[in-house]
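What follows is the content of my_file.cif (mmCIF, C-alpha atoms).
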```
data_input
loop_
_atom_site.label_atom_id
_atom_site.label_comp_id
_atom_site.auth_asym_id
_atom_site.auth_seq_id
_atom_site.Cartn_x
_atom_site.Cartn_y
_atom_site.Cartn_z
CA MET G 1 142.98 -110.65 220.16
CA LEU G 2 141.57 -109.08 223.32
CA LEU G 3 138.07 -110.23 222.47
CA ALA G 4 139.31 -113.77 221.93
CA ARG G 5 141.07 -113.78 225.30
CA ALA G 6 137.99 -112.35 226.99
CA ASP G 7 135.85 -115.08 225.43
CA GLY G 8 138.33 -117.70 226.58
CA ILE G 9 138.27 -116.40 230.15
CA TRP G 10 134.47 -116.28 230.10
CA ASP G 11 134.29 -119.86 228.80
CA LEU G 12 136.70 -120.95 231.53
CA LEU G 13 134.55 -119.37 234.22
CA THR G 14 131.15 -120.46 232.91
CA GLY G 15 131.86 -123.59 230.85
CA ARG G 16 132.27 -126.21 233.56
CA PRO G 17 133.30 -126.34 237.23
CA VAL G 18 137.03 -126.99 237.59
CA SER G 19 138.92 -128.86 240.31
CA LEU G 20 135.89 -130.67 241.71
CA TYR G 21 138.06 -133.42 243.18
CA ALA G 22 140.51 -130.90 244.62
CA THR G 23 137.78 -128.94 246.40
CA SER G 24 136.38 -132.21 247.74
CA VAL G 25 139.83 -133.02 249.13
CA LEU G 26 139.86 -129.60 250.80
CA ARG G 27 136.43 -130.28 252.29
CA ILE G 28 137.48 -133.67 253.63
CA GLY G 29 140.84 -132.41 254.86
CA TYR G 30 139.62 -129.33 256.71
CA GLY G 31 136.57 -131.09 258.10
CA LEU G 32 138.79 -133.86 259.45
CA LEU G 33 141.38 -131.43 260.82
CA TYR G 34 138.85 -129.31 262.69
CA LEU G 35 137.00 -132.34 263.99
CA ALA G 36 140.27 -133.78 265.32
CA PHE G 37 141.16 -130.38 266.77
CA LEU G 38 137.87 -130.09 268.67
CA LEU G 39 138.16 -133.67 269.93
CA ARG G 40 141.75 -133.11 271.04
CA GLU G 41 140.82 -129.99 272.99
CA PHE G 42 137.67 -131.53 274.44
CA PRO G 43 139.13 -131.86 277.97
CA HIS G 44 140.25 -128.19 277.85
CA ARG G 45 137.21 -126.73 276.08
CA ASP G 46 135.99 -124.76 279.09
CA GLU G 47 139.36 -123.07 279.68
CA ILE G 48 139.75 -122.12 276.00
CA TRP G 49 136.25 -121.19 274.80
CA GLY G 50 133.85 -121.72 277.68
CA PRO G 51 132.64 -119.66 280.63
CA GLY G 52 135.70 -120.73 282.65
CA SER G 53 138.16 -119.13 280.24
CA PRO G 54 140.48 -116.40 281.60
CA TRP G 55 139.44 -114.40 278.53
CA THR G 56 135.93 -113.87 279.85
CA PRO G 57 132.90 -113.31 277.62
CA SER G 58 132.74 -109.67 278.71
CA LEU G 59 136.34 -109.07 277.62
CA ALA G 60 135.67 -110.83 274.32
CA ALA G 61 132.56 -108.68 273.77
CA GLN G 62 134.60 -105.51 274.37
CA LEU G 63 137.15 -106.68 271.81
CA PHE G 64 134.39 -107.46 269.32
CA ASP G 65 133.13 -103.90 269.62
CA GLN G 66 136.53 -102.71 268.45
CA THR G 67 137.37 -105.33 265.81
CA GLY G 68 133.94 -106.26 264.44
CA TRP G 69 134.34 -109.99 265.12
CA TRP G 70 131.33 -112.16 265.97
CA SER G 71 130.82 -115.46 267.79
CA PHE G 72 127.65 -117.38 268.60
CA LEU G 73 129.40 -118.60 271.75
CA LEU G 74 128.76 -115.19 273.32
CA LEU G 75 125.00 -115.26 272.87
CA SER G 76 124.81 -116.80 276.33
CA ASP G 77 127.31 -117.36 279.14
CA GLY G 78 125.58 -120.49 280.46
CA ARG G 79 127.45 -123.77 280.63
CA ALA G 80 124.59 -125.78 279.14
CA TYR G 81 124.49 -123.46 276.14
CA PHE G 82 128.25 -123.80 275.64
CA GLU G 83 128.12 -127.61 275.81
CA LEU G 84 125.30 -127.62 273.26
CA CYS G 85 127.31 -125.37 270.92
CA TYR G 86 130.35 -127.62 271.27
CA ALA G 87 128.32 -130.72 270.44
CA LEU G 88 126.80 -128.98 267.40
CA ALA G 89 130.27 -127.91 266.30
CA LEU G 90 131.44 -131.53 266.39
CA LEU G 91 128.37 -132.65 264.47
CA THR G 92 128.79 -129.90 261.86
CA SER G 93 132.44 -130.78 261.29
CA ALA G 94 131.56 -134.45 260.84
CA LEU G 95 128.73 -133.71 258.40
CA PHE G 96 130.94 -131.32 256.43
CA LEU G 97 133.62 -134.00 256.27
CA LEU G 98 131.13 -136.54 254.94
CA GLY G 99 129.61 -134.08 252.48
CA TRP G 100 125.99 -134.23 253.69
CA ARG G 101 123.89 -131.32 252.34
CA THR G 102 127.15 -129.53 251.62
CA ARG G 103 125.57 -126.24 250.56
CA VAL G 104 124.17 -125.81 254.07
CA THR G 105 126.86 -127.53 256.12
CA SER G 106 129.65 -125.54 254.45
CA VAL G 107 128.05 -122.31 255.68
CA LEU G 108 127.52 -123.81 259.15
CA PHE G 109 131.11 -125.06 259.22
CA ALA G 110 132.39 -121.58 258.33
CA GLY G 111 130.25 -120.14 261.14
CA VAL G 112 131.71 -122.67 263.59
CA VAL G 113 135.30 -121.87 262.61
CA VAL G 114 134.71 -118.11 262.78
CA SER G 115 133.01 -118.33 266.18
CA PHE G 116 135.63 -120.52 267.84
CA HIS G 117 138.46 -118.54 266.25
CA ALA G 118 137.08 -115.20 267.45
CA ARG G 119 136.31 -116.47 270.96
CA ALA G 120 139.97 -117.35 271.64
CA ILE G 121 141.70 -115.15 269.08
CA PHE G 122 144.84 -114.68 271.21
CA MET G 123 145.48 -118.43 271.19
CA THR G 124 145.50 -118.82 267.41
CA ASP G 125 148.40 -119.04 264.97
CA GLY G 126 148.98 -118.95 261.22
CA GLY G 127 147.40 -122.35 260.69
CA ASP G 128 144.17 -121.22 262.37
CA ASN G 129 144.08 -118.08 260.24
CA LEU G 130 144.48 -120.05 257.00
CA LEU G 131 141.87 -122.61 258.03
CA LEU G 132 139.46 -119.75 258.76
CA LEU G 133 140.02 -118.26 255.30
CA MET G 134 139.66 -121.63 253.58
CA ALA G 135 136.42 -122.36 255.42
CA LEU G 136 135.01 -119.08 254.13
CA TYR G 137 136.22 -119.70 250.57
CA LEU G 138 134.78 -123.22 250.47
CA THR G 139 131.27 -121.83 250.94
CA LEU G 140 131.55 -120.53 247.36
CA THR G 141 132.57 -123.85 245.86
CA ALA G 142 130.68 -127.01 244.94
CA CYS G 143 132.89 -129.07 247.24
CA GLY G 144 130.27 -131.80 247.63
CA ARG G 145 130.20 -132.99 244.02
CA ARG G 146 132.79 -135.73 244.56
CA TRP G 147 133.51 -138.24 247.34
CA SER G 148 130.52 -137.23 249.44
CA LEU G 149 127.11 -138.37 250.57
CA ASP G 150 125.62 -135.77 248.24
CA ALA G 151 127.40 -137.36 245.27
CA ARG G 152 126.16 -140.80 246.31
CA ARG G 153 122.60 -139.55 246.61
CA ALA G 154 122.83 -137.88 243.19
CA ARG G 155 124.04 -141.14 241.59
CA ILE G 156 121.17 -143.10 243.15
CA LYS G 157 118.66 -140.50 242.03
CA ALA G 158 120.04 -140.50 238.49
CA ALA G 159 119.88 -144.30 238.34
CA ARG G 160 116.24 -144.32 239.44
CA THR G 161 115.22 -141.66 236.94
CA ASP G 162 114.99 -143.52 233.64
CA VAL G 163 113.08 -141.02 231.54
CA ALA G 164 113.43 -137.28 231.98
CA ARG G 165 110.15 -135.52 232.44
CA PRO G 166 109.38 -132.64 230.08
CA ARG G 167 109.85 -129.26 231.71
CA HIS G 168 108.55 -125.83 230.95
CA VAL G 169 110.79 -123.50 228.96
CA VAL G 170 110.94 -120.98 231.81
CA ALA G 171 111.92 -123.70 234.27
CA GLN G 172 114.67 -124.90 231.94
CA ASP G 173 116.02 -121.37 231.59
CA LEU G 174 116.02 -120.91 235.35
CA ARG G 175 117.88 -124.18 235.86
CA ALA G 176 120.44 -123.20 233.20
CA ALA G 177 120.94 -119.80 234.87
CA ARG G 178 121.35 -121.50 238.23
CA ARG G 179 123.96 -123.91 236.84
CA THR G 180 125.88 -121.02 235.30
CA LEU G 181 125.79 -119.05 238.55
CA VAL G 182 126.96 -122.05 240.58
CA THR G 183 129.75 -122.72 238.07
CA VAL G 184 130.96 -119.11 238.17
CA MET G 185 130.92 -119.02 241.98
CA HIS G 186 132.76 -122.33 242.19
CA ASN G 187 135.46 -121.37 239.69
CA CYS G 188 135.95 -117.99 241.32
CA GLY G 189 136.24 -119.69 244.72
CA VAL G 190 138.90 -122.07 243.40
CA LEU G 191 140.77 -119.13 241.88
CA VAL G 192 140.69 -117.24 245.18
CA ILE G 193 141.93 -120.31 247.09
CA ALA G 194 144.83 -120.78 244.66
CA ALA G 195 145.69 -117.07 244.80
CA GLN G 196 145.62 -117.15 248.61
CA VAL G 197 148.08 -120.04 248.76
CA CYS G 198 150.36 -118.42 246.17
CA PHE G 199 150.33 -115.14 248.09
CA LEU G 200 151.09 -116.97 251.33
CA TYR G 201 154.10 -118.83 249.96
CA GLY G 202 155.42 -115.88 247.98
CA SER G 203 155.17 -113.43 250.86
CA ALA G 204 156.71 -115.93 253.30
CA GLY G 205 159.64 -116.53 250.97
CA LEU G 206 160.24 -112.83 250.32
CA TYR G 207 160.00 -112.11 254.04
CA LYS G 208 162.65 -114.75 254.75
CA VAL G 209 164.96 -113.31 252.10
CA GLN G 210 165.07 -110.03 254.02
CA GLY G 211 166.28 -111.71 257.21
CA SER G 212 169.98 -112.05 257.96
CA PHE G 213 169.52 -115.44 259.68
CA TRP G 214 168.05 -116.97 256.53
CA ASP G 215 170.75 -115.28 254.47
CA ASP G 216 173.63 -116.87 256.39
CA GLY G 217 171.84 -120.23 256.85
CA THR G 218 171.51 -120.14 260.65
CA ALA G 219 167.74 -119.61 260.91
CA LEU G 220 166.91 -123.27 261.48
CA HIS G 221 169.60 -123.46 264.16
CA TYR G 222 167.79 -120.87 266.25
CA VAL G 223 164.39 -122.41 265.53
CA LEU G 224 165.54 -125.83 266.72
CA ASN G 225 166.76 -124.34 270.00
CA LEU G 226 163.48 -122.66 270.96
CA GLU G 227 161.95 -124.53 273.90
CA LEU G 228 158.45 -123.57 272.75
CA PHE G 229 158.95 -125.62 269.56
CA GLN G 230 160.68 -128.67 271.03
CA PRO G 231 158.17 -131.51 271.45
CA TRP G 232 161.11 -133.91 271.01
CA PRO G 233 164.21 -132.13 272.40
CA ALA G 234 166.50 -135.04 271.59
CA LEU G 235 165.41 -134.95 267.93
CA SER G 236 165.92 -131.18 267.72
CA HIS G 237 169.41 -131.41 269.22
CA ALA G 238 170.33 -134.31 266.93
CA MET G 239 169.34 -132.33 263.85
CA ASP G 240 171.19 -129.25 265.09
CA ARG G 241 174.46 -131.23 265.02
CA TYR G 242 174.50 -130.98 261.22
CA PRO G 243 174.73 -127.23 260.49
CA LEU G 244 175.51 -127.73 256.81
CA ALA G 245 172.40 -129.84 256.25
CA MET G 246 170.30 -127.30 258.16
CA ALA G 247 171.69 -124.47 256.04
CA VAL G 248 170.86 -126.36 252.83
CA ALA G 249 167.35 -127.07 254.13
CA GLY G 250 166.88 -123.37 254.91
CA TYR G 251 168.01 -122.25 251.46
CA LEU G 252 165.82 -124.90 249.82
CA THR G 253 162.82 -123.69 251.84
CA VAL G 254 163.29 -120.10 250.74
CA LEU G 255 163.85 -121.11 247.11
CA THR G 256 160.72 -123.27 246.87
CA GLN G 257 158.52 -120.68 248.56
CA VAL G 258 159.67 -117.85 246.31
CA ALA G 259 159.48 -120.00 243.16
CA PHE G 260 156.11 -121.56 243.98
CA PRO G 261 153.87 -118.97 242.25
CA PHE G 262 155.98 -119.19 239.08
CA VAL G 263 155.96 -122.97 238.56
CA LEU G 264 152.23 -123.65 238.79
CA PHE G 265 151.68 -123.89 235.04
CA GLY G 266 154.33 -126.50 234.32
CA ARG G 267 155.48 -129.93 235.43
CA LEU G 268 158.03 -128.37 237.76
CA LYS G 269 155.24 -127.80 240.27
CA TYR G 270 155.17 -131.51 241.18
CA PRO G 271 158.71 -131.67 242.64
CA VAL G 272 158.10 -128.30 244.31
CA LEU G 273 154.91 -129.66 245.90
CA ALA G 274 156.84 -132.75 247.01
CA VAL G 275 159.48 -130.56 248.68
CA LEU G 276 156.79 -128.50 250.41
CA LEU G 277 155.09 -131.70 251.59
CA GLY G 278 158.33 -132.88 253.17
CA MET G 279 158.86 -129.46 254.74
CA HIS G 280 155.40 -129.44 256.33
CA VAL G 281 155.78 -132.98 257.63
CA ALA G 282 159.09 -131.97 259.22
CA ILE G 283 157.43 -128.90 260.79
CA ALA G 284 154.65 -131.07 262.21
CA VAL G 285 157.02 -133.63 263.73
CA VAL G 286 160.05 -131.57 264.73
CA LEU G 287 158.40 -128.29 265.76
CA GLY G 288 155.13 -129.75 267.05
CA LEU G 289 152.75 -127.80 264.76
CA PRO G 290 150.50 -130.51 263.28
CA LEU G 291 147.46 -128.28 262.72
CA PHE G 292 149.47 -125.68 260.81
CA SER G 293 151.22 -128.33 258.71
CA GLY G 294 148.00 -130.19 258.01
CA THR G 295 146.29 -126.96 256.94
CA MET G 296 149.09 -126.16 254.51
CA ILE G 297 149.25 -129.71 253.09
CA VAL G 298 145.51 -129.69 252.43
CA ALA G 299 145.76 -126.24 250.81
CA ASP G 300 148.49 -127.50 248.45
CA ALA G 301 146.09 -130.19 247.22
CA VAL G 302 144.17 -127.60 245.20
CA PHE G 303 147.01 -127.48 242.64
CA LEU G 304 146.79 -131.17 241.72
CA PRO G 305 144.63 -131.82 238.63
CA ASP G 306 141.41 -133.78 238.74
CA ARG G 307 142.87 -136.54 236.59
CA PHE G 308 145.32 -137.27 239.43
CA TYR G 309 142.50 -137.77 241.95
CA ALA G 310 140.38 -139.70 239.43
CA PHE G 311 143.28 -142.11 238.92
CA LEU G 312 143.78 -142.74 242.65
CA PRO G 313 140.97 -145.36 243.01
CA HIS G 314 142.37 -147.33 240.06
CA LEU G 315 145.84 -147.13 241.59
CA LEU G 316 144.57 -148.36 244.96
CA ARG G 317 142.71 -151.26 243.36
CA ARG G 318 145.79 -152.23 241.39
CA GLY G 319 147.90 -152.15 244.54
CA THR G 320 145.34 -154.29 246.36
CA ARG G 321 145.42 -156.89 243.60
CA ARG G 322 149.21 -157.03 243.73
CA CYS G 323 149.13 -157.52 247.49
CA ASP G 324 146.58 -160.32 247.18
CA GLY G 325 148.69 -162.09 244.54
CA PRO G 326 147.67 -163.57 241.19
CA ALA G 327 144.77 -165.97 241.18
CA PRO G 328 145.81 -169.60 240.42
CA GLU G 329 144.77 -170.81 236.99
CA ARG G 330 142.29 -173.66 236.84
CA GLY G 331 143.87 -177.02 236.11
CA THR G 332 147.50 -175.93 236.53
CA GLY G 333 147.99 -176.44 240.24
CA LEU G 334 150.56 -178.80 241.72
CA GLY G 335 147.88 -181.20 242.86
CA SER G 336 146.01 -181.40 239.57
CA VAL G 337 145.95 -184.72 237.73
CA PRO G 338 145.66 -184.83 233.94
CA GLN G 339 142.54 -186.51 232.63
CA GLN G 340 143.12 -190.18 231.91
CA GLY G 341 141.65 -191.86 228.85
CA GLY G 342 139.88 -195.24 229.16
CA HIS G 343 137.97 -197.81 227.16
CA PRO G 344 134.16 -197.82 227.42
CA ASP G 345 134.14 -201.38 228.82
CA GLY G 346 136.62 -200.55 231.55
CA ARG G 347 139.74 -202.04 229.94
CA GLU G 348 142.91 -200.04 229.67
CA GLU G 349 143.44 -198.36 226.37
CA HIS G 350 146.85 -198.95 224.77
CA ARG G 351 148.17 -195.86 223.06
CA PRO G 352 151.32 -195.54 221.03
CA VAL G 353 154.17 -193.68 222.64
CA SER G 354 154.94 -190.44 220.86
CA ARG G 355 158.55 -189.92 219.90
CA PRO G 356 160.30 -186.59 220.02
CA ALA G 357 161.61 -184.96 216.90
CA SER G 358 165.14 -186.14 217.64
CA GLY G 359 164.11 -189.71 216.99
CA HIS G 360 164.88 -191.05 220.48
CA ALA G 361 162.05 -192.60 222.34
CA GLY G 362 161.18 -190.86 225.54
CA PRO G 363 160.25 -192.60 228.75
CA PRO G 364 156.80 -194.15 228.81
CA PRO G 365 154.11 -192.31 230.64
CA SER G 366 153.79 -193.06 234.30
CA GLY G 367 151.30 -195.86 235.01
CA SER G 368 150.83 -196.90 231.36
CA THR G 369 151.33 -200.41 229.93
CA THR G 370 152.86 -201.10 226.58
CA ALA G 371 152.16 -204.08 224.29
CA PRO G 372 154.88 -206.83 224.19
#
```
Can you give me the file's structure in the form of structure tokens?
Amino acid sequence: MLLARADGIWDLLTGRPVSLYATSVLRIGYGLLYLAFLLREFPHRDEIWGPGSPWTPSLAAQLFDQTGWWSFLLLSDGRAYFELCYALALLTSALFLLGWRTRVTSVLFAGVVVSFHARAIFMTDGGDNLLLLMALYLTLTACGRRWSLDARRARIKAARTDVARPRHVVAQDLRAARRTLVTVMHNCGVLVIAAQVCFLYGSAGLYKVQGSFWDDGTALHYVLNLELFQPWPALSHAMDRYPLAMAVAGYLTVLTQVAFPFVLFGRLKYPVLAVLLGMHVAIAVVLGLPLFSGTMIVADAVFLPDRFYAFLPHLLRRGTRRCDGPAPERGTGLGSVPQQGGHPDGREEHRPVSRPASGHAGPPPSGSTTAP
């Protein structure tokens, strides 16, 4: 029994790469999020990460000596060097989003996230920490196999190669070993990503259970009245007028977070993911934490199967066809005229009028003449 289970686990790790679409969604999502983040903070880049930051490079270097962090932004304190690094960070995020040479750009993207995170570590939150971890985990995965420029280039190359060239036995063995190694690294990376998300939700739910405010249902009341998390004060005050609804939302949040690791292997995970999606959207809008919510929503995408993502293009095409409307059939339009019969010499052809089965003669066809 143990040997059979061990063989099954080994086949799962080495047989084929799993969740290729899901990891591609993570690549696209985190690349887009970090690109939008860098563009949003572009006017404030010098005060956050540059030489003009209150957290000077010398202070950051002293902290690095204690914590072991690293950042390529501290290799020079010149403004030209910082602007060049910022431009390369934007370019790296865009290339990672598009999936160009993903093996290389994933490592570069992880270096960018680590460097910018460490340079302004006192301005980060939970969303930044999770994005940093996911950027590191994605370097282990084959996140460029689907929906990427790499996948497009591979399809074009496969279409141009009609006949496979014979290869040496040693070369074939090396390629097989490389495929197995890549598969194992990818599957292990996916497993680590899933475990990280499960640990995050489970620990957050258990931590909330220990709090008295979550126990009596008043936690969201205090959260909505924090000025730091009130981008729309009127919306926060309007929601706070319904304490019963806020208490139910708080209990539902704790329940879904605690139950999340236990429902991943059944169909119950889909409504739980839907509830978590709504919770993160509410956090982004009401509390003004779009980066944190976006990071969590993208992380949840790893639990959707590949058949779901493979079906999305067909679903979009079907929806597009419905929006365009059905194509009119040939010869059945309102302006179509039935073909008229005629005599070869141009005279009108007299045809007998068909009678219905009831025996009553119907009206003669329009424009026809009958014999006297």
Checklist entry - Which residues come within 10 Å of Leu191 in chain G, counting all atoms listed in the file, excluding same-chain residues fewer than 5 positions away, as a VMD selection string? => result chain G and resid 13 18 137 185 to 186 196 302
Neighbours of Leu74 in chain G within 12 Å (all atoms listed in the file; same-chain residues fewer than 2 positions away dropped), as a short mmCIF file (atom, residue, chain, number, x, y, z; two decimals) with C-alpha atoms, keeping the file's coordinate frame?
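Result saved to around27.cif:
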```
data_model
loop_
_atom_site.label_atom_id
_atom_site.label_comp_id
_atom_site.auth_asym_id
_atom_site.auth_seq_id
_atom_site.Cartn_x
_atom_site.Cartn_y
_atom_site.Cartn_z
CA TRP G 49 136.25 -121.19 274.80
CA GLY G 50 133.85 -121.72 277.68
CA PRO G 51 132.64 -119.66 280.63
CA TRP G 55 139.44 -114.40 278.53
CA THR G 56 135.93 -113.87 279.85
CA PRO G 57 132.90 -113.31 277.62
CA SER G 58 132.74 -109.67 278.71
CA LEU G 59 136.34 -109.07 277.62
CA ALA G 60 135.67 -110.83 274.32
CA ALA G 61 132.56 -108.68 273.77
CA GLN G 62 134.60 -105.51 274.37
CA PHE G 64 134.39 -107.46 269.32
CA TRP G 69 134.34 -109.99 265.12
CA TRP G 70 131.33 -112.16 265.97
CA SER G 71 130.82 -115.46 267.79
CA PHE G 72 127.65 -117.38 268.60
CA SER G 76 124.81 -116.80 276.33
CA ASP G 77 127.31 -117.36 279.14
CA GLY G 78 125.58 -120.49 280.46
CA ARG G 79 127.45 -123.77 280.63
CA TYR G 81 124.49 -123.46 276.14
CA PHE G 82 128.25 -123.80 275.64
CA CYS G 85 127.31 -125.37 270.92
CA SER G 115 133.01 -118.33 266.18
CA PHE G 116 135.63 -120.52 267.84
CA ALA G 118 137.08 -115.20 267.45
CA ARG G 119 136.31 -116.47 270.96
CA ALA G 120 139.97 -117.35 271.64
#
```
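Our summary of the geometry notes that CA of Gly68 in chain G is positioned 15.3 Å from CA of Phe122 in chain G.
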Next on the checklist: as a VMD selection string, please: the residues near Leu95 in chain G (cut-off 12 Å, all atoms listed in the file, same-chain neighbours under 2 positions excluded).
Outcome noted: chain G and resid 27 to 28 30 to 32 34 to 35 88 to 93 97 to 109 144 148 to 150
Checklist entry - What is the CA of Asn187 in chain G-CA of Leu304 in chain G distance in Å, reported with one decimal? => result 15.1 Å
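You will find CA of Val254 in chain G at 12.7 Å from CA of Ser212 in chain G.
Of the residues under consideration (G:Phe303, G:Gly127, G:Pro313, G:Pro17), G:Pro17 shows the shortest atom-to-atom contact distance to Gly189 in chain G when counting all atoms listed in the file.
When all atoms listed in the file are used to compute distances to Ala245 in chain G, the closest of the residues G:Leu220, G:Val258, G:Val25, G:Leu228 turns out to be G:Leu220.
Here the question is which of G:His221, G:Ala259, G:Gly278, G:His314 gets nearest to Arg241 in chain G using all atoms listed in the file, and that residue is G:His221.
Summary of the local environment: counting only C-alpha atoms, residues at most 9 Å from Tyr21 in chain G, other than itself and those fewer than 3 positions away along its chain, are G:Val18, G:Ser24, G:Val25, G:Leu26, G:Cys143, G:Arg145, G:Arg146, G:Trp147, G:Val302, G:Pro305, G:Asp306, G:Arg307, G:Tyr309, G:Ala310.
Distance check against Val113 in chain G using all atoms listed in the file: of G:Phe262, G:Phe37, G:Trp232, G:Phe292, the minimum falls on G:Phe37.
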Checklist entry - Any idea what's packed within 12 Å of Asp216 in chain G, counting only C-alpha atoms, ignoring anything in its chain fewer than 5 positions away? Could you give it as a list in words? => result Lys208, Val209, Gln210, Gly211, His221, Pro243, Leu244, Met246, Ala247, Val248, Gly250 and Tyr251 of chain G
Kindly export the residues of the current selection with C-alpha atoms, as a short mmCIF file (atom, residue, chain, number, x, y, z; two decimals), keeping the file's coordinate frame.
```
data_model
loop_
_atom_site.label_atom_id
_atom_site.label_comp_id
_atom_site.auth_asym_id
_atom_site.auth_seq_id
_atom_site.Cartn_x
_atom_site.Cartn_y
_atom_site.Cartn_z
CA LYS G 208 162.65 -114.75 254.75
CA VAL G 209 164.96 -113.31 252.10
CA GLN G 210 165.07 -110.03 254.02
CA GLY G 211 166.28 -111.71 257.21
CA HIS G 221 169.60 -123.46 264.16
CA PRO G 243 174.73 -127.23 260.49
CA LEU G 244 175.51 -127.73 256.81
CA MET G 246 170.30 -127.30 258.16
CA ALA G 247 171.69 -124.47 256.04
CA VAL G 248 170.86 -126.36 252.83
CA GLY G 250 166.88 -123.37 254.91
CA TYR G 251 168.01 -122.25 251.46
#
```
Next on the checklist: If the PyMOL selection byres ((chain G and resi 205) around 8) were run on this exact file, what residues would it hold? Put them as a list in words.
Outcome noted: Tyr201, Gly202, Ser203, Ala204, Leu206, Tyr207, Lys208, Val209, Thr253, Val254, Leu255, Thr256, Gln257 and Val258 of chain G
Checklist entry - Which one is closest to Val192 in chain G: G:Glu83, G:Ala219, G:Leu20, G:Met134? Count all atoms listed in the file. => result G:Met134
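Each of G:Leu252, G:Arg16, G:Leu312, G:Gln230 was compared to Gly288 in chain G using all atoms listed in the file, and G:Gln230 turns out to be the nearest.
Residues captured in this structure file are Leu13, Thr14, Gly15, Arg16, Pro17, Ala142, Thr161, Asp162, Val163, Ala164, Thr180, Leu181, Val182, Thr183, Val184, Met185 and His186 of chain G, according to the PyMOL selection byres ((chain G and resi 165-179) around 12).
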